[in-house]
Amino acid sequence: YYNSLCHKNQITPEDIVVTTGGSEALLFAIAATCNPTDELLVVEPTYTNYLGIAHMLNVSIRAHTTHPSENYHIDPVKLLDSIGPQTKAICLASPGNPTGTVLSKSDVETLALGCAERNVFLIMDEVYREFIYDQTNGPTSPSALDVPGAENSVIVIDSVSKRYSACGLRVGALVTKRKDLR
């Protein structure tokens, strides 16, 4: 399934950690990338569980706010400029939850490569990848796993329950080419 989305960076079964839902994958990703008192950069409005998981792990939140007057557009350069000295990871969803904002392929590439350059992890929550209502840029959101040169900094979060409208189905995944993170 992943290789149909990510043809440049072939995903192998070893790259996938199956979890009890997407929330457990998020917990593992944040715990693996941030130590207590490190920062996790999120885009506001944000998925509430990012904050709860960070709080549980004693990880600080740094917020980059988007605005309804700009359709919650995420400027990847401004987001990368929001990285502070304690920031270890950026965590965001595309399509966004709760805004529905979809990053373009160019935005995903800029973020993934910018994180790689800054030695910051990009935790991309792609559980809503196929929920695209304005298909101007295609039927799915571009995957951060498909960015050559960013393999060691990208972690993708996924969940089967969204794709198959089976909210009680607790099967998620943490997907990364970075062996030491798995």
# chains A, B, ... in the order shown; residues from 1 in each chain; ligands from 1

$ select_by_dssp --residues "region 1-123 of chain A" --states "strand (DSSP E)" --output "list of chain:residue names"
A:Ile16, A:Val17, A:Val18, A:Thr19, A:Glu39, A:Leu40, A:Leu41, A:Val42, A:Val43, A:Glu44, A:Ser60, A:Ile61, A:Arg62, A:Ala63, A:His64, A:Thr65, A:Thr87, A:Lys88, A:Ala89, A:Ile90, A:Cys91, A:Leu92, A:Ala93, A:Phe121, A:Leu122, A:Ile123

$ write_last_selection --atoms "C-alpha atoms" --output "mmCIF file, in the first residue's frame"
data_model
loop_
_atom_site.group_PDB
_atom_site.id
_atom_site.type_symbol
_atom_site.label_atom_id
_atom_site.label_comp_id
_atom_site.auth_asym_id
_atom_site.auth_seq_id
_atom_site.Cartn_x
_atom_site.Cartn_y
_atom_site.Cartn_z
ATOM 1 C CA ILE A 16 6.569 0.083 9.515
ATOM 2 C CA VAL A 17 5.826 -0.187 13.224
ATOM 3 C CA VAL A 18 2.226 -1.361 13.669
ATOM 4 C CA THR A 19 0.553 0.283 16.655
ATOM 5 C CA GLU A 39 9.987 21.399 22.327
ATOM 6 C CA LEU A 40 7.459 20.054 19.867
ATOM 7 C CA LEU A 41 6.384 22.598 17.250
ATOM 8 C CA VAL A 42 2.697 22.361 16.265
ATOM 9 C CA VAL A 43 0.479 24.354 13.934
ATOM 10 C CA GLU A 44 -2.569 25.978 15.565
ATOM 11 C CA SER A 60 6.984 21.748 25.789
ATOM 12 C CA ILE A 61 4.773 22.992 22.977
ATOM 13 C CA ARG A 62 5.798 25.782 20.637
ATOM 14 C CA ALA A 63 2.826 26.963 18.586
ATOM 15 C CA HIS A 64 2.811 28.409 15.083
ATOM 16 C CA THR A 65 -0.601 30.004 14.611
ATOM 17 C CA THR A 87 12.661 22.282 19.097
ATOM 18 C CA LYS A 88 13.277 18.621 18.265
ATOM 19 C CA ALA A 89 10.260 17.913 16.047
ATOM 20 C CA ILE A 90 7.443 19.493 14.074
ATOM 21 C CA CYS A 91 4.152 17.644 14.265
ATOM 22 C CA LEU A 92 1.364 18.460 11.838
ATOM 23 C CA ALA A 93 -1.384 16.835 9.845
ATOM 24 C CA PHE A 121 12.194 15.595 12.890
ATOM 25 C CA LEU A 122 9.062 16.057 10.802
ATOM 26 C CA ILE A 123 6.216 13.992 12.241
#

$ residues_around --residues "region 110-114 of chain A" --least-positions-apart "3" --cutoff "6 Å" --atoms "only C-alpha atoms" --output "ChimeraX atom specification"
/A:76,107,117,150

$ select_by_dssp --residues "region 12-177 of chain A" --states "helix (DSSP H, G or I)" --output "short mmCIF file (atom, residue, chain, number, x, y, z; two decimals) with all heavy atoms, in the first residue's frame"
data_model
loop_
_atom_site.label_atom_id
_atom_site.label_comp_id
_atom_site.auth_asym_id
_atom_site.auth_seq_id
_atom_site.Cartn_x
_atom_site.Cartn_y
_atom_site.Cartn_z
N PRO A 13 8.50 -3.64 4.77
CA PRO A 13 7.81 -3.99 6.03
C PRO A 13 8.62 -3.59 7.26
O PRO A 13 8.04 -3.24 8.29
CB PRO A 13 7.64 -5.51 5.93
CG PRO A 13 7.59 -5.78 4.46
CD PRO A 13 8.55 -4.78 3.85
N GLU A 14 9.94 -3.61 7.16
CA GLU A 14 10.79 -3.23 8.30
C GLU A 14 10.65 -1.76 8.64
O GLU A 14 10.99 -1.34 9.76
CB GLU A 14 12.26 -3.56 8.01
CG GLU A 14 12.56 -5.04 7.95
CD GLU A 14 12.15 -5.68 6.62
OE1 GLU A 14 12.14 -5.00 5.57
OE2 GLU A 14 11.80 -6.88 6.63
N ASP A 15 10.18 -0.92 7.71
CA ASP A 15 10.02 0.52 7.94
C ASP A 15 8.74 0.86 8.70
O ASP A 15 8.51 2.00 9.05
CB ASP A 15 10.00 1.27 6.60
CG ASP A 15 11.29 1.11 5.82
OD1 ASP A 15 12.36 0.95 6.45
OD2 ASP A 15 11.23 1.15 4.58
N GLY A 21 -3.63 1.84 17.03
CA GLY A 21 -4.21 3.11 16.60
C GLY A 21 -3.16 4.17 16.31
O GLY A 21 -1.98 4.03 16.64
N GLY A 22 -3.62 5.24 15.68
CA GLY A 22 -2.74 6.36 15.34
C GLY A 22 -2.22 7.09 16.55
O GLY A 22 -1.11 7.61 16.55
N SER A 23 -3.01 7.13 17.63
CA SER A 23 -2.56 7.84 18.84
C SER A 23 -1.34 7.18 19.46
O SER A 23 -0.43 7.87 19.95
CB SER A 23 -3.69 7.91 19.87
OG SER A 23 -4.73 8.73 19.38
N GLU A 24 -1.28 5.86 19.44
CA GLU A 24 -0.09 5.19 19.97
C GLU A 24 1.12 5.48 19.08
O GLU A 24 2.23 5.67 19.57
CB GLU A 24 -0.32 3.69 20.10
CG GLU A 24 0.85 3.00 20.79
CD GLU A 24 0.62 1.53 21.04
OE1 GLU A 24 0.37 0.77 20.06
OE2 GLU A 24 0.71 1.12 22.21
N ALA A 25 0.90 5.53 17.78
CA ALA A 25 1.99 5.88 16.86
C ALA A 25 2.50 7.30 17.14
O ALA A 25 3.71 7.54 17.16
CB ALA A 25 1.53 5.75 15.41
N LEU A 26 1.59 8.23 17.41
CA LEU A 26 1.98 9.59 17.78
C LEU A 26 2.78 9.60 19.08
O LEU A 26 3.81 10.27 19.18
CB LEU A 26 0.74 10.47 17.96
CG LEU A 26 0.15 11.08 16.72
CD1 LEU A 26 -1.22 11.69 17.03
CD2 LEU A 26 1.08 12.11 16.14
N LEU A 27 2.30 8.86 20.07
CA LEU A 27 3.00 8.76 21.35
C LEU A 27 4.43 8.26 21.12
O LEU A 27 5.39 8.84 21.63
CB LEU A 27 2.25 7.83 22.30
CG LEU A 27 2.97 7.45 23.59
CD1 LEU A 27 3.16 8.66 24.50
CD2 LEU A 27 2.20 6.36 24.32
N PHE A 28 4.57 7.19 20.36
CA PHE A 28 5.91 6.63 20.10
C PHE A 28 6.79 7.63 19.36
O PHE A 28 7.98 7.78 19.67
CB PHE A 28 5.81 5.34 19.30
CG PHE A 28 5.23 4.16 20.05
CD1 PHE A 28 4.89 3.01 19.37
CD2 PHE A 28 5.01 4.19 21.42
CE1 PHE A 28 4.37 1.91 20.03
CE2 PHE A 28 4.49 3.10 22.09
CZ PHE A 28 4.15 1.96 21.39
N ALA A 29 6.23 8.33 18.37
CA ALA A 29 7.01 9.27 17.57
C ALA A 29 7.51 10.44 18.42
O ALA A 29 8.68 10.83 18.35
CB ALA A 29 6.18 9.79 16.39
N ILE A 30 6.62 10.99 19.24
CA ILE A 30 7.02 12.13 20.08
C ILE A 30 8.00 11.68 21.16
O ILE A 30 9.01 12.35 21.41
CB ILE A 30 5.78 12.83 20.67
CG1 ILE A 30 4.95 13.45 19.53
CG2 ILE A 30 6.18 13.90 21.68
CD1 ILE A 30 3.57 13.94 19.95
N ALA A 31 7.76 10.52 21.75
CA ALA A 31 8.68 10.00 22.78
C ALA A 31 10.04 9.67 22.20
O ALA A 31 11.07 9.84 22.87
CB ALA A 31 8.07 8.76 23.44
N ALA A 32 10.09 9.20 20.97
CA ALA A 32 11.36 8.83 20.34
C ALA A 32 12.17 10.05 19.88
O ALA A 32 13.38 9.96 19.74
CB ALA A 32 11.12 7.90 19.15
N THR A 33 11.50 11.18 19.66
CA THR A 33 12.20 12.35 19.12
C THR A 33 12.45 13.44 20.14
O THR A 33 13.32 14.28 19.93
CB THR A 33 11.42 12.94 17.93
OG1 THR A 33 10.10 13.31 18.36
CG2 THR A 33 11.33 11.96 16.78
N THR A 48 -5.89 18.08 19.20
CA THR A 48 -5.73 18.17 20.65
C THR A 48 -4.80 17.10 21.22
O THR A 48 -4.09 17.35 22.19
CB THR A 48 -7.10 18.09 21.33
OG1 THR A 48 -7.95 19.06 20.73
CG2 THR A 48 -7.01 18.37 22.79
N ASN A 49 -4.80 15.90 20.66
CA ASN A 49 -3.96 14.83 21.22
C ASN A 49 -2.47 15.15 21.14
O ASN A 49 -1.69 14.62 21.93
CB ASN A 49 -4.26 13.50 20.54
CG ASN A 49 -5.46 12.82 21.14
OD1 ASN A 49 -6.04 13.29 22.11
ND2 ASN A 49 -5.85 11.70 20.57
N TYR A 50 -2.04 16.00 20.20
CA TYR A 50 -0.62 16.40 20.18
C TYR A 50 -0.26 17.04 21.52
O TYR A 50 0.80 16.76 22.09
CB TYR A 50 -0.32 17.40 19.06
CG TYR A 50 -0.58 16.95 17.66
CD1 TYR A 50 -0.73 17.88 16.65
CD2 TYR A 50 -0.70 15.60 17.31
CE1 TYR A 50 -0.97 17.51 15.33
CE2 TYR A 50 -0.95 15.21 16.01
CZ TYR A 50 -1.08 16.17 15.03
OH TYR A 50 -1.32 15.80 13.73
N LEU A 51 -1.15 17.90 22.01
CA LEU A 51 -0.89 18.62 23.27
C LEU A 51 -0.92 17.67 24.46
O LEU A 51 -0.06 17.75 25.34
CB LEU A 51 -1.93 19.73 23.46
CG LEU A 51 -2.10 20.70 22.29
CD1 LEU A 51 -3.19 21.72 22.58
CD2 LEU A 51 -0.79 21.36 21.91
N GLY A 52 -1.89 16.76 24.49
CA GLY A 52 -2.00 15.81 25.59
C GLY A 52 -0.81 14.87 25.67
O GLY A 52 -0.28 14.61 26.75
N ILE A 53 -0.36 14.38 24.52
CA ILE A 53 0.79 13.49 24.50
C ILE A 53 2.05 14.24 24.93
O ILE A 53 2.84 13.75 25.74
CB ILE A 53 0.96 12.85 23.11
CG1 ILE A 53 -0.18 11.85 22.85
CG2 ILE A 53 2.32 12.17 22.98
CD1 ILE A 53 -0.28 11.37 21.41
N ALA A 54 2.23 15.47 24.43
CA ALA A 54 3.39 16.27 24.83
C ALA A 54 3.38 16.52 26.33
O ALA A 54 4.41 16.38 27.00
CB ALA A 54 3.42 17.58 24.05
N HIS A 55 2.22 16.86 26.86
CA HIS A 55 2.10 17.10 28.31
C HIS A 55 2.47 15.85 29.10
O HIS A 55 3.21 15.91 30.09
CB HIS A 55 0.68 17.56 28.64
CG HIS A 55 0.45 17.77 30.10
ND1 HIS A 55 0.95 18.87 30.77
CD2 HIS A 55 -0.20 17.02 31.02
CE1 HIS A 55 0.61 18.77 32.05
NE2 HIS A 55 -0.08 17.66 32.22
N MET A 56 1.95 14.71 28.66
CA MET A 56 2.23 13.45 29.34
C MET A 56 3.74 13.14 29.36
O MET A 56 4.26 12.58 30.32
CB MET A 56 1.48 12.31 28.64
CG MET A 56 1.66 10.96 29.28
SD MET A 56 0.61 9.69 28.54
CE MET A 56 1.12 9.69 26.85
N PRO A 68 -7.93 32.00 10.15
CA PRO A 68 -9.04 31.74 9.24
C PRO A 68 -9.08 32.71 8.07
O PRO A 68 -9.48 32.35 6.98
CB PRO A 68 -10.29 31.86 10.12
CG PRO A 68 -9.86 32.49 11.39
CD PRO A 68 -8.39 32.32 11.50
N SER A 69 -8.63 33.95 8.29
CA SER A 69 -8.63 34.94 7.21
C SER A 69 -7.71 34.53 6.06
O SER A 69 -7.84 35.02 4.94
CB SER A 69 -8.23 36.32 7.73
OG SER A 69 -6.91 36.28 8.25
N GLU A 70 -6.77 33.61 6.33
CA GLU A 70 -5.85 33.10 5.31
C GLU A 70 -6.15 31.64 4.99
O GLU A 70 -5.27 30.92 4.50
CB GLU A 70 -4.40 33.24 5.80
CG GLU A 70 -4.00 34.68 6.05
CD GLU A 70 -2.67 34.81 6.79
OE1 GLU A 70 -2.18 33.81 7.35
OE2 GLU A 70 -2.13 35.93 6.80
N PRO A 76 5.41 27.13 4.72
CA PRO A 76 6.47 26.26 5.24
C PRO A 76 7.72 27.02 5.68
O PRO A 76 8.36 26.62 6.65
CB PRO A 76 6.76 25.31 4.09
CG PRO A 76 6.21 25.96 2.88
CD PRO A 76 5.10 26.85 3.33
N VAL A 77 8.05 28.11 5.02
CA VAL A 77 9.24 28.88 5.40
C VAL A 77 9.02 29.54 6.77
O VAL A 77 9.90 29.49 7.63
CB VAL A 77 9.60 29.92 4.31
CG1 VAL A 77 10.73 30.82 4.76
CG2 VAL A 77 9.96 29.22 3.00
N LYS A 78 7.84 30.13 6.97
CA LYS A 78 7.54 30.74 8.27
C LYS A 78 7.49 29.69 9.37
O LYS A 78 7.93 29.93 10.49
CB LYS A 78 6.23 31.51 8.21
CG LYS A 78 6.32 32.80 7.43
CD LYS A 78 5.01 33.54 7.44
CE LYS A 78 5.11 34.83 6.64
NZ LYS A 78 3.81 35.53 6.56
N LEU A 79 6.95 28.51 9.05
CA LEU A 79 6.91 27.44 10.04
C LEU A 79 8.33 27.00 10.41
O LEU A 79 8.65 26.87 11.59
CB LEU A 79 6.10 26.25 9.51
CG LEU A 79 5.96 25.05 10.44
CD1 LEU A 79 5.35 25.44 11.78
CD2 LEU A 79 5.14 23.96 9.78
N LEU A 80 9.18 26.83 9.42
CA LEU A 80 10.58 26.47 9.70
C LEU A 80 11.29 27.57 10.49
O LEU A 80 12.12 27.28 11.36
CB LEU A 80 11.32 26.18 8.40
CG LEU A 80 10.91 24.90 7.68
CD1 LEU A 80 11.48 24.86 6.26
CD2 LEU A 80 11.33 23.66 8.45
N ASP A 81 10.94 28.83 10.23
CA ASP A 81 11.52 29.94 10.99
C ASP A 81 11.06 29.94 12.44
O ASP A 81 11.67 30.59 13.29
CB ASP A 81 11.18 31.28 10.34
CG ASP A 81 11.95 31.53 9.04
OD1 ASP A 81 12.95 30.81 8.79
OD2 ASP A 81 11.54 32.42 8.27
N LYS A 105 2.54 19.57 -2.64
CA LYS A 105 3.77 18.77 -2.75
C LYS A 105 4.99 19.64 -2.48
O LYS A 105 5.91 19.23 -1.78
CB LYS A 105 3.84 18.15 -4.16
CG LYS A 105 5.05 17.28 -4.35
CD LYS A 105 5.08 16.65 -5.73
CE LYS A 105 6.32 15.79 -5.88
NZ LYS A 105 6.45 15.22 -7.21
N SER A 106 4.98 20.85 -3.00
CA SER A 106 6.10 21.78 -2.78
C SER A 106 6.25 22.13 -1.30
O SER A 106 7.37 22.20 -0.78
CB SER A 106 5.86 23.05 -3.60
OG SER A 106 6.81 24.03 -3.30
N ASP A 107 5.11 22.36 -0.60
CA ASP A 107 5.16 22.66 0.83
C ASP A 107 5.72 21.50 1.63
O ASP A 107 6.55 21.68 2.53
CB ASP A 107 3.77 23.01 1.36
CG ASP A 107 3.25 24.35 0.86
OD1 ASP A 107 4.05 25.15 0.34
OD2 ASP A 107 2.03 24.58 1.00
N VAL A 108 5.29 20.28 1.30
CA VAL A 108 5.78 19.09 1.99
C VAL A 108 7.29 18.93 1.75
O VAL A 108 8.04 18.66 2.69
CB VAL A 108 5.01 17.83 1.55
CG1 VAL A 108 5.67 16.56 2.09
CG2 VAL A 108 3.56 17.90 2.00
N GLU A 109 7.73 19.14 0.52
CA GLU A 109 9.16 19.04 0.21
C GLU A 109 9.96 20.08 0.98
O GLU A 109 11.00 19.77 1.56
CB GLU A 109 9.38 19.19 -1.29
CG GLU A 109 8.91 17.99 -2.09
CD GLU A 109 8.95 18.21 -3.59
OE1 GLU A 109 9.20 19.35 -4.05
OE2 GLU A 109 8.72 17.22 -4.32
N THR A 110 9.47 21.33 1.00
CA THR A 110 10.17 22.40 1.72
C THR A 110 10.28 22.06 3.20
O THR A 110 11.35 22.22 3.80
CB THR A 110 9.43 23.74 1.53
OG1 THR A 110 9.42 24.06 0.13
CG2 THR A 110 10.11 24.86 2.30
N LEU A 111 9.19 21.59 3.80
CA LEU A 111 9.22 21.24 5.23
C LEU A 111 10.14 20.06 5.51
O LEU A 111 10.96 20.11 6.44
CB LEU A 111 7.81 20.91 5.72
CG LEU A 111 6.90 22.11 5.98
CD1 LEU A 111 5.48 21.65 6.23
CD2 LEU A 111 7.43 22.92 7.15
N ALA A 112 10.03 19.01 4.72
CA ALA A 112 10.85 17.81 4.96
C ALA A 112 12.34 18.12 4.79
O ALA A 112 13.15 17.74 5.65
CB ALA A 112 10.42 16.68 4.03
N LEU A 113 12.69 18.80 3.73
CA LEU A 113 14.11 19.12 3.50
C LEU A 113 14.61 20.16 4.50
O LEU A 113 15.74 20.08 4.97
CB LEU A 113 14.32 19.59 2.07
CG LEU A 113 14.10 18.51 1.02
CD1 LEU A 113 14.13 19.09 -0.40
CD2 LEU A 113 15.11 17.37 1.15
N GLY A 114 13.74 21.11 4.88
CA GLY A 114 14.11 22.11 5.88
C GLY A 114 14.35 21.48 7.24
O GLY A 114 15.28 21.85 7.96
N CYS A 115 13.53 20.51 7.59
CA CYS A 115 13.74 19.79 8.86
C CYS A 115 15.04 19.00 8.81
O CYS A 115 15.80 18.99 9.78
CB CYS A 115 12.56 18.88 9.15
SG CYS A 115 11.11 19.77 9.75
N ALA A 116 15.30 18.35 7.68
CA ALA A 116 16.54 17.57 7.54
C ALA A 116 17.76 18.48 7.70
O ALA A 116 18.72 18.12 8.39
CB ALA A 116 16.56 16.86 6.19
N GLU A 117 17.71 19.65 7.10
CA GLU A 117 18.83 20.60 7.20
C GLU A 117 19.05 21.09 8.63
O GLU A 117 20.17 21.35 9.03
CB GLU A 117 18.57 21.82 6.30
CG GLU A 117 18.66 21.54 4.83
CD GLU A 117 18.16 22.71 3.99
OE1 GLU A 117 17.88 23.81 4.55
OE2 GLU A 117 18.05 22.53 2.77
N ARG A 118 17.97 21.21 9.38
CA ARG A 118 18.04 21.75 10.74
C ARG A 118 18.15 20.66 11.80
O ARG A 118 18.13 20.95 12.99
CB ARG A 118 16.80 22.61 11.01
CG ARG A 118 16.78 23.89 10.21
CD ARG A 118 15.38 24.50 10.21
NE ARG A 118 15.32 25.79 9.56
CZ ARG A 118 15.24 25.96 8.24
NH1 ARG A 118 15.22 24.91 7.43
NH2 ARG A 118 15.18 27.17 7.71
N GLN A 135 -9.92 18.61 -5.11
CA GLN A 135 -8.87 17.77 -5.67
C GLN A 135 -8.03 18.48 -6.74
O GLN A 135 -7.51 17.85 -7.65
CB GLN A 135 -9.47 16.48 -6.19
CG GLN A 135 -10.08 15.68 -5.06
CD GLN A 135 -10.41 14.26 -5.46
OE1 GLN A 135 -10.18 13.82 -6.58
NE2 GLN A 135 -10.96 13.51 -4.51
N THR A 136 -7.87 19.78 -6.58
CA THR A 136 -7.07 20.56 -7.51
C THR A 136 -5.65 20.00 -7.64
O THR A 136 -5.09 19.94 -8.73
CB THR A 136 -6.98 22.04 -7.04
OG1 THR A 136 -8.30 22.51 -6.83
CG2 THR A 136 -6.27 22.89 -8.06
N ASN A 137 -5.08 19.57 -6.51
CA ASN A 137 -3.71 19.06 -6.50
C ASN A 137 -3.66 17.53 -6.48
O ASN A 137 -2.61 16.96 -6.20
CB ASN A 137 -2.95 19.61 -5.29
CG ASN A 137 -2.75 21.10 -5.40
OD1 ASN A 137 -2.41 21.59 -6.47
ND2 ASN A 137 -2.99 21.81 -4.32
N ALA A 144 5.12 12.86 2.99
CA ALA A 144 6.48 13.28 3.33
C ALA A 144 7.48 12.15 3.12
O ALA A 144 8.68 12.38 2.99
CB ALA A 144 6.53 13.76 4.78
N LEU A 145 6.99 10.91 3.05
CA LEU A 145 7.88 9.77 2.78
C LEU A 145 8.42 9.80 1.36
O LEU A 145 9.34 9.07 1.04
CB LEU A 145 7.13 8.46 3.01
CG LEU A 145 6.79 8.12 4.45
CD1 LEU A 145 5.83 6.93 4.50
CD2 LEU A 145 8.04 7.84 5.25
N ASP A 146 7.83 10.62 0.52
CA ASP A 146 8.18 10.67 -0.89
C ASP A 146 9.18 11.79 -1.20
O ASP A 146 9.31 12.18 -2.36
CB ASP A 146 6.91 10.83 -1.73
CG ASP A 146 7.07 10.32 -3.14
OD1 ASP A 146 8.01 9.55 -3.40
OD2 ASP A 146 6.25 10.71 -3.99
N VAL A 160 -5.58 2.93 10.05
CA VAL A 160 -6.49 2.25 9.14
C VAL A 160 -7.93 2.67 9.40
O VAL A 160 -8.75 2.66 8.50
CB VAL A 160 -6.40 0.72 9.27
CG1 VAL A 160 -6.59 0.05 7.95
CG2 VAL A 160 -5.14 0.26 9.90
N SER A 161 -8.24 3.06 10.62
CA SER A 161 -9.63 3.34 10.99
C SER A 161 -10.22 4.48 10.16
O SER A 161 -11.40 4.46 9.83
CB SER A 161 -9.74 3.65 12.48
OG SER A 161 -9.05 4.82 12.81
N LYS A 162 -9.44 5.49 9.84
CA LYS A 162 -9.97 6.61 9.05
C LYS A 162 -10.23 6.17 7.61
O LYS A 162 -11.28 6.44 7.05
CB LYS A 162 -8.99 7.79 9.04
CG LYS A 162 -8.59 8.27 10.41
CD LYS A 162 -9.77 8.73 11.24
CE LYS A 162 -9.36 9.33 12.54
NZ LYS A 162 -9.14 8.40 13.63
N ARG A 163 -9.29 5.49 7.04
CA ARG A 163 -9.39 5.07 5.64
C ARG A 163 -10.60 4.20 5.38
O ARG A 163 -11.24 4.29 4.34
CB ARG A 163 -8.11 4.32 5.25
CG ARG A 163 -8.05 3.92 3.80
CD ARG A 163 -6.66 3.44 3.40
NE ARG A 163 -5.69 4.50 3.69
CZ ARG A 163 -4.80 4.44 4.69
NH1 ARG A 163 -4.73 3.39 5.45
NH2 ARG A 163 -3.99 5.45 4.90
#

$ closest_residue --among "A:Asn35, A:Ser141, A:Ser94, A:Gln86" --to "Asp125 (chain A)" --atoms "only C-alpha atoms"
A:Ser94

$ atom_distance --atom1 "CA of Gly96 (chain A)" --atom2 "CA of Ser159 (chain A)"
14.6 Å
